>>> print(open('start.txt').read())   # compact mmCIF, C-alpha atoms
# COMPACT_ATOMS: atom_id res chain seq x y z
CA MET A 1 0.00 0.00 0.00
CA TYR A 2 3.01 2.34 0.39
CA TYR A 3 2.95 2.84 -3.37
CA TYR A 4 -0.41 4.61 -3.10
CA LEU A 5 1.27 7.08 -0.72
CA ILE A 6 3.91 7.72 -3.39
CA THR A 7 1.12 8.29 -5.92
CA LEU A 8 -0.64 10.70 -3.55
CA ALA A 9 2.62 12.59 -2.89
CA VAL A 10 3.27 12.96 -6.64
CA VAL A 11 -0.26 14.24 -7.28
CA ALA A 12 -0.08 16.67 -4.35
CA LEU A 13 3.34 18.05 -5.39
CA ASP A 14 2.21 18.31 -9.01
CA GLN A 15 -0.99 20.18 -8.20
CA LEU A 16 0.74 22.45 -5.65
CA THR A 17 3.48 23.48 -8.07
CA LYS A 18 0.95 24.11 -10.85
CA TRP A 19 -1.18 26.20 -8.49
CA ILE A 20 1.87 28.28 -7.51
CA VAL A 21 2.70 28.88 -11.18
CA VAL A 22 -0.89 29.85 -12.09
CA GLN A 23 -1.15 32.21 -9.10
CA ASN A 24 2.22 33.91 -9.56
CA MET A 25 3.14 33.88 -13.25
CA GLU A 26 1.59 35.20 -16.43
CA ILE A 27 1.34 32.76 -19.34
CA GLY A 28 4.59 33.03 -21.29
CA GLN A 29 6.51 34.56 -18.37
CA LYS A 30 10.00 33.09 -17.98
CA ILE A 31 12.18 33.08 -14.84
CA GLU A 32 15.79 32.00 -15.17
CA VAL A 33 16.71 29.49 -12.43
CA ILE A 34 20.06 28.16 -13.67
CA PRO A 35 21.51 30.55 -16.27
CA GLY A 36 21.40 29.13 -19.78
CA PHE A 37 19.93 25.79 -18.66
CA LEU A 38 16.82 25.82 -16.42
CA TYR A 39 13.85 28.18 -16.50
CA TRP A 40 10.38 28.35 -14.98
CA THR A 41 8.24 29.19 -18.00
CA SER A 42 4.48 29.44 -17.57
CA TYR A 43 2.84 27.54 -20.42
CA ARG A 44 -0.49 25.81 -21.11
CA ASN A 45 -0.73 22.72 -23.27
CA ASN A 46 -3.95 21.18 -24.53
CA GLY A 47 -2.08 18.31 -26.19
CA ALA A 48 0.77 16.01 -25.22
CA ALA A 49 4.54 16.60 -25.48
CA TRP A 50 5.39 18.92 -28.37
CA SER A 51 1.62 19.69 -28.44
CA ILE A 52 0.91 16.37 -30.16
CA LEU A 53 -2.86 15.82 -30.66
CA GLU A 54 -3.53 19.38 -29.57
CA GLY A 55 -7.22 19.97 -28.91
CA HIS A 56 -8.21 16.27 -28.83
CA MET A 57 -9.09 16.24 -25.14
CA TRP A 58 -11.51 13.29 -25.52
CA PHE A 59 -8.54 11.13 -26.55
CA PHE A 60 -6.57 12.05 -23.41
CA TYR A 61 -9.59 11.43 -21.17
CA LEU A 62 -10.13 7.98 -22.65
CA ILE A 63 -6.49 6.91 -22.67
CA THR A 64 -5.86 8.20 -19.14
CA VAL A 65 -8.87 6.41 -17.65
CA ILE A 66 -7.79 3.17 -19.34
CA VAL A 67 -4.16 3.57 -18.20
CA ILE A 68 -5.18 4.39 -14.61
CA GLY A 69 -7.42 1.31 -14.52
CA ILE A 70 -4.71 -0.95 -15.91
CA ILE A 71 -2.07 0.38 -13.50
CA ILE A 72 -4.32 -0.09 -10.46
CA TYR A 73 -5.16 -3.61 -11.62
CA ILE A 74 -1.47 -4.47 -12.10
CA MET A 75 -0.58 -2.95 -8.73
CA GLN A 76 -3.18 -5.10 -7.00
CA LYS A 77 -2.50 -8.30 -8.92
CA TYR A 78 1.24 -8.36 -9.65
CA ALA A 79 3.16 -5.71 -7.73
CA LYS A 80 2.98 -7.07 -4.19
CA GLY A 81 6.43 -7.84 -2.88
CA LYS A 82 8.14 -6.25 -5.88
CA ARG A 83 9.33 -2.94 -4.48
CA LEU A 84 10.92 -1.40 -7.57
CA PHE A 85 8.02 -2.50 -9.77
CA SER A 86 5.52 -1.02 -7.30
CA ILE A 87 7.40 2.26 -7.06
CA SER A 88 7.65 2.59 -10.84
CA LEU A 89 3.89 2.05 -11.17
CA ALA A 90 3.22 4.56 -8.38
CA PHE A 91 5.20 7.26 -10.20
CA ILE A 92 3.44 6.51 -13.49
CA LEU A 93 0.03 6.53 -11.79
CA GLY A 94 0.76 9.80 -9.96
CA GLY A 95 1.84 11.47 -13.18
CA ALA A 96 -1.21 10.24 -15.08
CA ILE A 97 -3.58 11.43 -12.36
CA GLY A 98 -1.84 14.82 -12.00
CA ASN A 99 -2.24 15.71 -15.67
CA PHE A 100 -5.72 14.16 -15.80
CA ILE A 101 -6.87 16.55 -13.06
CA ASP A 102 -5.68 19.50 -15.17
CA ARG A 103 -7.37 18.22 -18.30
CA VAL A 104 -10.69 17.61 -16.55
CA LEU A 105 -10.74 20.92 -14.64
CA HIS A 106 -9.14 23.25 -17.22
CA GLN A 107 -9.06 21.40 -20.58
CA GLU A 108 -5.30 22.03 -20.63
CA VAL A 109 -2.19 21.12 -18.65
CA VAL A 110 -0.05 23.64 -16.79
CA ASP A 111 3.61 23.19 -17.76
CA PHE A 112 6.45 25.26 -16.35
CA VAL A 113 9.83 23.47 -16.26
CA GLN A 114 11.96 24.35 -19.26
CA THR A 115 15.48 23.13 -19.94
CA VAL A 116 17.81 24.29 -22.66
CA TRP A 117 20.72 22.18 -23.91
CA GLY A 118 22.78 24.35 -26.23
CA ASN A 119 20.41 25.29 -29.04
CA TYR A 120 17.84 22.62 -28.14
CA TYR A 121 14.80 23.66 -26.13
CA PHE A 122 13.37 20.57 -24.47
CA PRO A 123 9.54 20.58 -24.31
CA ILE A 124 8.23 22.45 -21.27
CA PHE A 125 7.00 19.96 -18.66
CA ASN A 126 5.69 19.67 -15.10
CA VAL A 127 6.01 17.41 -12.03
CA ALA A 128 3.47 14.91 -13.43
CA ASP A 129 5.44 14.60 -16.68
CA ALA A 130 8.69 14.14 -14.76
CA SER A 131 7.02 11.52 -12.57
CA LEU A 132 5.84 9.59 -15.63
CA SER A 133 9.37 9.65 -17.04
CA VAL A 134 10.95 8.55 -13.75
CA GLY A 135 8.37 5.76 -13.49
CA VAL A 136 9.18 4.49 -16.98
CA VAL A 137 12.94 4.56 -16.28
CA LEU A 138 12.41 2.66 -13.00
CA MET A 139 10.22 0.16 -14.86
CA LEU A 140 13.00 -0.40 -17.40
CA VAL A 141 15.52 -0.92 -14.58
CA TYR A 142 13.13 -3.41 -13.00
CA VAL A 143 12.56 -5.30 -16.25
CA PHE A 144 16.18 -5.40 -17.42
CA VAL A 145 18.05 -5.63 -14.10
CA ASP A 146 16.01 -6.37 -11.00
CA ASP A 147 13.54 -8.89 -12.41
CA ARG A 148 16.23 -10.71 -14.42
CA LYS A 149 18.39 -10.93 -11.29
CA THR A 150 15.60 -12.48 -9.23
CA LYS A 151 14.92 -15.01 -12.00
CA GLY A 152 18.63 -15.84 -12.33
CA ILE A 153 18.85 -14.60 -15.94
CA LYS A 154 22.22 -13.21 -17.01
>>> encode(input="start.txt", output="structure tokens")
Amino acid sequence: MYYYLITLAVVALDQLTKWIVVQNMEIGQKIEVIPGFLYWTSYRNNGAAWSILEGHMWFFYLITVIVIGIIIYIMQKYAKGKRLFSISLAFILGGAIGNFIDRVLHQEVVDFVQTVWGNYYFPIFNVADASLSVGVVLMLVYVFVDDRKTKGIK
């Protein structure tokens, strides 16, 4: 059950940071945090990364509800006793719920973390997006390292 606490913490942090951005920044406003690398940039996205499927909110509602259901089912059925697997699912679930709340309440997602790598501007993201990414990386570590080790596969 600890993984549901991780999910709750992700959702709470995501919604709190988005609320702070909405209350204190104008859309498009940029605050330099680490010169030339990290910025808080207030942005709204009604699509996915790089504004993919912009304006197709019905698609995101449907996919998110399905993904949330599948993750909860997997957590209940297969994740018990598998700490890394459970944690990865908790991060993915927290990220999915965080952005789903935005989409349902505002028909867009509040993004604000922007990184720049030389001339490349990475898509602006938020805590939920970062949580999804961390969850996927942890899942890959589980699949290719942890799970193989417990099964004795080299």
>>> residues_around(input="start.txt", residues="stretch 96-106 of chain A", least_positions_apart="2", cutoff="12 Å", atoms="all atoms listed in the file", output="VMD selection string")
chain A and resid 4 7 to 19 22 44 to 49 54 to 72 89 to 94 108 to 111 125 to 133 135
>>> residues_around(input="start.txt", residues="stretch 31-41 of chain A", least_positions_apart="5", cutoff="12 Å", atoms="only C-alpha atoms", output="list in words")
Thr17, Lys18, Ile20, Val21, Val22, Asn24, Met25, Glu26, Val110, Asp111, Phe112, Val113, Gln114, Thr115, Val116, Trp117, Gly118, Asn119, Tyr120, Tyr121, Phe122, Pro123, Ile124, Phe125 and Asn126 of chain A
>>> atom_distance(input="start.txt", atom1="atom CA of A:Val134", atom2="atom CA of A:Ser88")
7.4 Å
>>> atom_distance(input="start.txt", atom1="atom CA of A:Ser42", atom2="atom CA of A:Gly95")
18.7 Å
>>> residues_around(input="start.txt", residues="A:Phe85", least_positions_apart="6", cutoff="12 Å", atoms="only C-alpha atoms", output="MDAnalysis selection string")
chainID A and resid 3 71 74:76 78:79 91:92 135:147
>>> atom_distance(input="start.txt", atom1="atom CA of A:Lys30", atom2="atom CA of A:Gln107")
22.5 Å
>>> build_atoms(input="start.txt", residues="stretch 6-30 of chain A", atoms="N, CA and C atoms", output="PDB file, in the frame of the given file")
ATOM      1  N   ILE A   6       3.035   7.094  -2.397  1.00  0.00           N
ATOM      2  CA  ILE A   6       3.910   7.720  -3.390  1.00  0.00           C
ATOM      3  C   ILE A   6       3.056   8.402  -4.450  1.00  0.00           C
ATOM      4  N   THR A   7       2.032   7.716  -4.927  1.00  0.00           N
ATOM      5  CA  THR A   7       1.120   8.290  -5.920  1.00  0.00           C
ATOM      6  C   THR A   7       0.492   9.566  -5.387  1.00  0.00           C
ATOM      7  N   LEU A   8      -0.009   9.522  -4.168  1.00  0.00           N
ATOM      8  CA  LEU A   8      -0.640  10.700  -3.550  1.00  0.00           C
ATOM      9  C   LEU A   8       0.359  11.846  -3.416  1.00  0.00           C
ATOM     10  N   ALA A   9       1.594  11.549  -3.031  1.00  0.00           N
ATOM     11  CA  ALA A   9       2.620  12.590  -2.890  1.00  0.00           C
ATOM     12  C   ALA A   9       2.926  13.228  -4.244  1.00  0.00           C
ATOM     13  N   VAL A  10       3.019  12.426  -5.300  1.00  0.00           N
ATOM     14  CA  VAL A  10       3.270  12.960  -6.640  1.00  0.00           C
ATOM     15  C   VAL A  10       2.133  13.881  -7.065  1.00  0.00           C
ATOM     16  N   VAL A  11       0.894  13.427  -6.893  1.00  0.00           N
ATOM     17  CA  VAL A  11      -0.260  14.240  -7.280  1.00  0.00           C
ATOM     18  C   VAL A  11      -0.296  15.540  -6.494  1.00  0.00           C
ATOM     19  N   ALA A  12      -0.059  15.466  -5.188  1.00  0.00           N
ATOM     20  CA  ALA A  12      -0.080  16.670  -4.350  1.00  0.00           C
ATOM     21  C   ALA A  12       1.010  17.657  -4.765  1.00  0.00           C
ATOM     22  N   LEU A  13       2.238  17.169  -4.966  1.00  0.00           N
ATOM     23  CA  LEU A  13       3.340  18.050  -5.390  1.00  0.00           C
ATOM     24  C   LEU A  13       3.062  18.644  -6.764  1.00  0.00           C
ATOM     25  N   ASP A  14       2.543  17.832  -7.671  1.00  0.00           N
ATOM     26  CA  ASP A  14       2.210  18.310  -9.010  1.00  0.00           C
ATOM     27  C   ASP A  14       1.168  19.422  -8.952  1.00  0.00           C
ATOM     28  N   GLN A  15       0.091  19.191  -8.254  1.00  0.00           N
ATOM     29  CA  GLN A  15      -0.990  20.180  -8.200  1.00  0.00           C
ATOM     30  C   GLN A  15      -0.554  21.440  -7.447  1.00  0.00           C
ATOM     31  N   LEU A  16       0.246  21.286  -6.392  1.00  0.00           N
ATOM     32  CA  LEU A  16       0.740  22.450  -5.650  1.00  0.00           C
ATOM     33  C   LEU A  16       1.645  23.311  -6.527  1.00  0.00           C
ATOM     34  N   THR A  17       2.576  22.695  -7.233  1.00  0.00           N
ATOM     35  CA  THR A  17       3.480  23.480  -8.070  1.00  0.00           C
ATOM     36  C   THR A  17       2.735  24.175  -9.207  1.00  0.00           C
ATOM     37  N   LYS A  18       1.758  23.493  -9.781  1.00  0.00           N
ATOM     38  CA  LYS A  18       0.950  24.110 -10.850  1.00  0.00           C
ATOM     39  C   LYS A  18       0.140  25.278 -10.305  1.00  0.00           C
ATOM     40  N   TRP A  19      -0.409  25.115  -9.116  1.00  0.00           N
ATOM     41  CA  TRP A  19      -1.180  26.200  -8.490  1.00  0.00           C
ATOM     42  C   TRP A  19      -0.286  27.412  -8.252  1.00  0.00           C
ATOM     43  N   ILE A  20       0.926  27.184  -7.756  1.00  0.00           N
ATOM     44  CA  ILE A  20       1.870  28.280  -7.510  1.00  0.00           C
ATOM     45  C   ILE A  20       2.177  29.016  -8.819  1.00  0.00           C
ATOM     46  N   VAL A  21       2.410  28.266  -9.886  1.00  0.00           N
ATOM     47  CA  VAL A  21       2.700  28.880 -11.180  1.00  0.00           C
ATOM     48  C   VAL A  21       1.514  29.711 -11.663  1.00  0.00           C
ATOM     49  N   VAL A  22       0.313  29.146 -11.611  1.00  0.00           N
ATOM     50  CA  VAL A  22      -0.890  29.850 -12.090  1.00  0.00           C
ATOM     51  C   VAL A  22      -1.130  31.121 -11.269  1.00  0.00           C
ATOM     52  N   GLN A  23      -0.896  31.055  -9.962  1.00  0.00           N
ATOM     53  CA  GLN A  23      -1.150  32.210  -9.100  1.00  0.00           C
ATOM     54  C   GLN A  23      -0.095  33.314  -9.221  1.00  0.00           C
ATOM     55  N   ASN A  24       1.116  32.954  -9.627  1.00  0.00           N
ATOM     56  CA  ASN A  24       2.220  33.910  -9.560  1.00  0.00           C
ATOM     57  C   ASN A  24       2.881  34.273 -10.884  1.00  0.00           C
ATOM     58  N   MET A  25       2.493  33.608 -11.972  1.00  0.00           N
ATOM     59  CA  MET A  25       3.140  33.880 -13.250  1.00  0.00           C
ATOM     60  C   MET A  25       2.111  34.099 -14.344  1.00  0.00           C
ATOM     61  N   GLU A  26       2.408  35.008 -15.235  1.00  0.00           N
ATOM     62  CA  GLU A  26       1.590  35.200 -16.430  1.00  0.00           C
ATOM     63  C   GLU A  26       1.972  34.134 -17.455  1.00  0.00           C
ATOM     64  N   ILE A  27       1.029  33.727 -18.290  1.00  0.00           N
ATOM     65  CA  ILE A  27       1.340  32.760 -19.340  1.00  0.00           C
ATOM     66  C   ILE A  27       2.436  33.361 -20.238  1.00  0.00           C
ATOM     67  N   GLY A  28       3.468  32.580 -20.471  1.00  0.00           N
ATOM     68  CA  GLY A  28       4.590  33.030 -21.290  1.00  0.00           C
ATOM     69  C   GLY A  28       5.725  33.645 -20.475  1.00  0.00           C
ATOM     70  N   GLN A  29       5.465  33.982 -19.214  1.00  0.00           N
ATOM     71  CA  GLN A  29       6.510  34.560 -18.370  1.00  0.00           C
ATOM     72  C   GLN A  29       7.602  33.527 -18.115  1.00  0.00           C
ATOM     73  N   LYS A  30       8.854  33.984 -18.133  1.00  0.00           N
ATOM     74  CA  LYS A  30      10.000  33.090 -17.980  1.00  0.00           C
ATOM     75  C   LYS A  30      10.891  33.624 -16.861  1.00  0.00           C
TER      76      LYS A  30
END
